[in-house]
Structures are given as structure tokens and as C-alpha cells.
Amino acid sequence: MATTSPTRKAVRRPRLDSKEFSKAFESVVDNAQLVVKGKEEVIRLALVAMLSEGHILFEDVPGVGKTVLARALAQSMNAKAGRIQCTPDMLPGDITGSSIYDQEKKQFVFHEGPIFANILLSDEINRATPKTQSALLEAMAERRVTGDGVVRNLPRPFLVLATQNPVELAGTFPLPEAQLDRFMFKLRMGYPDREAEKTIMFDNASKLAVDDLGPVVDVEVAADMITYAQESVQASDAVGYYIVDLAQTTREEPGLTLGASPRAPINLLRAARVLAASDGRTHVYPDDVRHILMPVMAHRLMLAPDAVLRGETVEAILERVVGRVKAPLMGDVKSEGNGRDVLKKGMKN
């Protein structure tokens, strides 16, 4: 029977209020923007994913700043960052860690892998074999690693930024739909605009600008922010039904062969709570849900063959879904009930 290693502290009550949450959120975003130029929206979504205890898949060309983003977030909150370059010969132990025989102690000693970090950049995840991908995705879902009969919890917060190159596909192992569903967001950094690229060029001409980036909050504050969003930000029954209706409408959409899984509305709720808290609010609004609908939903849906022939896109279909589902009135958003019972009843993961 596996035993549990007490490496992760118990969740404690948050020591901050809505104003302090918003202030800490904005300070991390502003600090990261000092080195990640012209990508405020991506920075905000990455921070939302971390504080929602989700993970991000970046499908983008090389060199647009994904590594810098991971380092900027980690250094802004004095957190531990890790990085792995996925290759076909990589083994699961190269990520999670392995036991090595210590001749002095005359026993096997576990050496932690790079996954024992607050922010892990998994570069070109589609170049790793399915076996190695599964080990990483299991750790992402369970937030723990099991080895030699011992369960070792990963630190909190814990965010995986996985990347895949959409251009060079030779020798890659594409992630199946079931594994894509485990990522909260799928994002693109995109190329910087003219002014931002000039600034990036000069700032990094002699050394990397991110090397000098200092912290603005502590990692314990980030853990408190996670707890605050989970426990103090409310979503009414009306907002809960709105989220569920959006997900269920995708399953009835004739242009899709695969609609949103039950994991999608769970992620929508978690991310919407963080988004509301970042605005200094204690209630989730329908606008919060709509704002993150595309990055949460788009990669979970699959177009029908006839929709592909018509030139439709997942984004266009999601816009159609939003137009078909009636949003709750503001009076219902702050009504009695926080929606937890509604969501637990129909959306168990």
C-alpha cells in the first residue's frame, strides 16, 4: 500500500480580502509585463489558470516568449520554476524523478524530478512518447507523484505550461482528445507587434531581461489567492445553470461531432471565480464566463466533417452557442444560493 509523503502543506484559510486579491493579481501582471511585452491578455489568462489550479497548452511557433512567460510568473511570486525539453527517448522518471542507490546509506534514495516545481514548462510535449505524456498528465491531474510505494504531493501552486509546435510534425505524438481535455486553456502567444518587438530586441541584446526580474508577492500569497477564489467567490444558481447550458448546447450542435465534456463547465466555473476576484468582486458575472469561454472550450470540441467542408470554425460555432443560450439577469446573479449543489449534481468529474 502506498504511503503519503507530507510535502504539501494543508490548505489554510485565506488571509486576504477581495481588494488585496485584486492588488496582488495586478502587481504580478504588471511585473510580468516588464519582460513579456504586448501580451497582457495572455499573462492574465496564465495567472488565472494558475490560481484556478489548471494547466495551459500553448500551440505556437518557437521563440515568441513562452519560456520567458513561465519564468516571469515564477519570479514575480518567488516561486520555483522547472523546465523539460521533451524528446522521444525521454522516460517518465526523467520528469517525475527516480530512486537511485546510495552506497553510503546502502539504500535507494528518491531524487525529485523537474515536475516538483510551482511552474513547469514542458517544451514540445508532442515529441514525448505517449507513455511519458501520460506520466506528466497524470501528475497534472492528481497533483502528486507515486514512486516506490510512496505518494509525493506536488507543491501549491502548481502550473504546467506545455507547448507544441504546429509546424514541424514529423516524429511527434499528437495528444488525443482525452488528454487535451485535461488542459484548462489552450492559448497562443502570437508574434509581437512592431513596437513590442523593437523593445524586446533592445532589452535582450546583452542578456535576458527576465534574469533581473524580482518578486512582487510571495508564493504563500499565491496559495492564499487560490483558496480565496475557491471559498470566497460565489456563483449563484443562475450562473451555474448558465455554465451548464453552454456546455450542453455544444453537445446538441450539429456542426460538432464532439461537444464539451463535464470537465469543461468545472473549469469554466473555477476560472470565472478567479477572474471575478481579480476584478475585486465576490460574485461571478456572466461576462466572466463569456470572457474565458473560448480558451476553455475551443480545444475540447471537434468539428463535424460537413462543417469542415463548409469552412466553419470552432470559434464561430461557440459564438453561435453563446447567442442561443440566455444569460441570467443581474438580479439573479447575486440571488440566494451559490450554485455548488447544482454543479455537484450534474457535473461530477
# chains A, B, ... in the order shown; residues from 1 in each chain; ligands from 1

$ residues_around --residues "A:Gly113" --least-positions-apart "4" --cutoff "7 Å" --atoms "only C-alpha atoms" --output "VMD selection string"
chain A and resid 94 to 97

$ select_by_dssp --residues "stretch 24-55 of chain A" --states "alpha helix (DSSP H)" --output "list in words"
Ala24, Phe25, Glu26, Ser27, Val28, Val29, Asp30, Asn31, Ala32, Glu40, Glu41, Val42, Ile43, Arg44, Leu45, Ala46, Leu47, Val48, Ala49, Met50 and Leu51 of chain A

$ write_last_selection --atoms "N, CA and C atoms" --output "PDB file, in the first residue's frame"
ATOM      1  N   ALA A  24      -2.834  42.102  -5.555  1.00  0.00           N
ATOM      2  CA  ALA A  24      -1.765  41.134  -5.785  1.00  0.00           C
ATOM      3  C   ALA A  24      -1.789  40.626  -7.222  1.00  0.00           C
ATOM      4  N   PHE A  25      -2.983  40.381  -7.759  1.00  0.00           N
ATOM      5  CA  PHE A  25      -3.135  39.911  -9.134  1.00  0.00           C
ATOM      6  C   PHE A  25      -2.548  40.928 -10.110  1.00  0.00           C
ATOM      7  N   GLU A  26      -2.927  42.188  -9.941  1.00  0.00           N
ATOM      8  CA  GLU A  26      -2.453  43.231 -10.852  1.00  0.00           C
ATOM      9  C   GLU A  26      -0.946  43.456 -10.723  1.00  0.00           C
ATOM     10  N   SER A  27      -0.411  43.309  -9.524  1.00  0.00           N
ATOM     11  CA  SER A  27       1.025  43.516  -9.345  1.00  0.00           C
ATOM     12  C   SER A  27       1.828  42.444 -10.071  1.00  0.00           C
ATOM     13  N   VAL A  28       1.350  41.196 -10.067  1.00  0.00           N
ATOM     14  CA  VAL A  28       2.035  40.126 -10.795  1.00  0.00           C
ATOM     15  C   VAL A  28       1.942  40.372 -12.299  1.00  0.00           C
ATOM     16  N   VAL A  29       0.763  40.767 -12.777  1.00  0.00           N
ATOM     17  CA  VAL A  29       0.582  41.040 -14.202  1.00  0.00           C
ATOM     18  C   VAL A  29       1.494  42.180 -14.644  1.00  0.00           C
ATOM     19  N   ASP A  30       1.512  43.266 -13.872  1.00  0.00           N
ATOM     20  CA  ASP A  30       2.351  44.419 -14.229  1.00  0.00           C
ATOM     21  C   ASP A  30       3.825  44.044 -14.232  1.00  0.00           C
ATOM     22  N   ASN A  31       4.228  43.239 -13.264  1.00  0.00           N
ATOM     23  CA  ASN A  31       5.634  42.849 -13.176  1.00  0.00           C
ATOM     24  C   ASN A  31       6.035  41.968 -14.354  1.00  0.00           C
ATOM     25  N   ALA A  32       5.165  41.016 -14.710  1.00  0.00           N
ATOM     26  CA  ALA A  32       5.463  40.136 -15.841  1.00  0.00           C
ATOM     27  C   ALA A  32       5.527  40.914 -17.147  1.00  0.00           C
ATOM     28  N   GLU A  40      -0.490  41.254 -22.551  1.00  0.00           N
ATOM     29  CA  GLU A  40      -1.179  41.371 -21.264  1.00  0.00           C
ATOM     30  C   GLU A  40      -2.283  40.323 -21.114  1.00  0.00           C
ATOM     31  N   GLU A  41      -3.067  40.109 -22.158  1.00  0.00           N
ATOM     32  CA  GLU A  41      -4.175  39.157 -22.063  1.00  0.00           C
ATOM     33  C   GLU A  41      -3.666  37.745 -21.797  1.00  0.00           C
ATOM     34  N   VAL A  42      -2.581  37.341 -22.454  1.00  0.00           N
ATOM     35  CA  VAL A  42      -2.019  36.010 -22.237  1.00  0.00           C
ATOM     36  C   VAL A  42      -1.489  35.886 -20.810  1.00  0.00           C
ATOM     37  N   ILE A  43      -0.833  36.932 -20.309  1.00  0.00           N
ATOM     38  CA  ILE A  43      -0.326  36.916 -18.938  1.00  0.00           C
ATOM     39  C   ILE A  43      -1.474  36.748 -17.954  1.00  0.00           C
ATOM     40  N   ARG A  44      -2.553  37.498 -18.173  1.00  0.00           N
ATOM     41  CA  ARG A  44      -3.702  37.408 -17.274  1.00  0.00           C
ATOM     42  C   ARG A  44      -4.314  36.008 -17.294  1.00  0.00           C
ATOM     43  N   LEU A  45      -4.458  35.438 -18.475  1.00  0.00           N
ATOM     44  CA  LEU A  45      -5.043  34.101 -18.561  1.00  0.00           C
ATOM     45  C   LEU A  45      -4.131  33.058 -17.928  1.00  0.00           C
ATOM     46  N   ALA A  46      -2.823  33.212 -18.086  1.00  0.00           N
ATOM     47  CA  ALA A  46      -1.889  32.268 -17.456  1.00  0.00           C
ATOM     48  C   ALA A  46      -1.991  32.346 -15.941  1.00  0.00           C
ATOM     49  N   LEU A  47      -2.118  33.547 -15.414  1.00  0.00           N
ATOM     50  CA  LEU A  47      -2.254  33.704 -13.964  1.00  0.00           C
ATOM     51  C   LEU A  47      -3.602  33.180 -13.489  1.00  0.00           C
ATOM     52  N   VAL A  48      -4.651  33.387 -14.283  1.00  0.00           N
ATOM     53  CA  VAL A  48      -5.964  32.826 -13.950  1.00  0.00           C
ATOM     54  C   VAL A  48      -5.887  31.304 -13.881  1.00  0.00           C
ATOM     55  N   ALA A  49      -5.201  30.693 -14.847  1.00  0.00           N
ATOM     56  CA  ALA A  49      -5.063  29.232 -14.843  1.00  0.00           C
ATOM     57  C   ALA A  49      -4.340  28.751 -13.598  1.00  0.00           C
ATOM     58  N   MET A  50      -3.265  29.423 -13.219  1.00  0.00           N
ATOM     59  CA  MET A  50      -2.521  29.021 -12.022  1.00  0.00           C
ATOM     60  C   MET A  50      -3.394  29.108 -10.777  1.00  0.00           C
ATOM     61  N   LEU A  51      -4.111  30.216 -10.620  1.00  0.00           N
ATOM     62  CA  LEU A  51      -4.919  30.419  -9.426  1.00  0.00           C
ATOM     63  C   LEU A  51      -6.207  29.598  -9.459  1.00  0.00           C
TER      64      LEU A  51
END

$ residues_around --residues "A:Lys66" --least-positions-apart "3" --cutoff "9 Å" --atoms "only C-alpha atoms" --output "list in words"
Phe58, Asp60, Pro62, Gly63, Leu69, Ala70, Arg71, Leu121, Leu161, Thr163 and Met189 of chain A

$ closest_atom_pairs --of "stretch 42-158 of chain A" --to "stretch 223-233 of chain A" --cutoff "7 Å" --atoms "only C-alpha atoms" --output "tab-separated table"
residue	atom	partner	partner_atom	distance
A:Leu51	CA	A:Ile226	CA	4.9
A:Ser52	CA	A:Ile226	CA	6.5
A:Arg156	CA	A:Ala223	CA	6.2
A:Pro157	CA	A:Ala223	CA	5.8

$ atom_distance --atom1 "atom CA of A:Val308" --atom2 "atom CA of A:Arg251"
17.1 Å

$ select_by_dssp --residues "stretch 84-281 of chain A" --states "strand (DSSP E)" --output "NGL selection string"
:A and (84-85 or 97-102 or 107-112 or 119-123 or 144-147 or 150-153 or 159-164 or 185-187 or 256-258)

$ closest_residue --among "A:Asp287, A:Ser278, A:Met302, A:Phe173" --to "A:Ser22" --atoms "only C-alpha atoms"
A:Ser278

$ atom_distance --atom1 "atom CA of A:Ala74" --atom2 "atom CA of A:Ile119"
6.3 Å

$ atom_distance --atom1 "atom CA of A:Leu246" --atom2 "atom CA of A:Gln164"
28.2 Å

$ closest_atom_pairs --of "stretch 57-174 of chain A" --to "stretch 204-214 of chain A" --cutoff "12 Å" --atoms "only C-alpha atoms" --output "tab-separated table"
residue	atom	partner	partner_atom	distance
A:Gly65	CA	A:Val210	CA	10.8
A:Thr67	CA	A:Val210	CA	10.1
A:Val68	CA	A:Val210	CA	6.8
A:Leu69	CA	A:Val210	CA	9.1
A:Ala70	CA	A:Val210	CA	10.2
A:Arg71	CA	A:Val210	CA	7.2
A:Ala72	CA	A:Val210	CA	6.4
A:Leu73	CA	A:Leu213	CA	9.8
A:Ala74	CA	A:Gly214	CA	9.7
A:Gln75	CA	A:Gly214	CA	6.0
A:Ser76	CA	A:Gly214	CA	6.0
A:Met77	CA	A:Gly214	CA	8.4
A:Asn78	CA	A:Gly214	CA	7.8
A:Ala79	CA	A:Gly214	CA	10.9

$ closest_residue --among "A:Lys105, A:Arg152, A:Lys186, A:His55" --to "A:Met294" --atoms "only C-alpha atoms"
A:Lys186

$ closest_residue --among "A:Thr313, A:Gln179, A:Ser236, A:Gln248" --to "A:Pro286" --atoms "only C-alpha atoms"
A:Ser236

$ closest_residue --among "A:Gly147, A:Pro265, A:Gly280, A:Gly190" --to "A:Arg300" --atoms "only C-alpha atoms"
A:Pro265

$ closest_residue --among "A:Val64, A:Val219, A:Leu303, A:Leu329" --to "A:Ala238" --atoms "only C-alpha atoms"
A:Leu329

$ residues_around --residues "A:Asn267" --least-positions-apart "5" --cutoff "10 Å" --atoms "only C-alpha atoms" --output "ChimeraX atom specification"
/A:49,52-54,182-185,262,272-273,292-293,296-297

$ residues_around --residues "A:Tyr242" --least-positions-apart "2" --cutoff "12 Å" --atoms "only C-alpha atoms" --output "PyMOL selection string"
chain A and resi 235-240+244-249+265+268-269+284-290+293+321-322+324-329+332-333+339+342-343

$ closest_residue --among "A:Phe116, A:Phe202, A:Phe108, A:Tyr101" --to "A:Phe158" --atoms "only C-alpha atoms"
A:Phe116
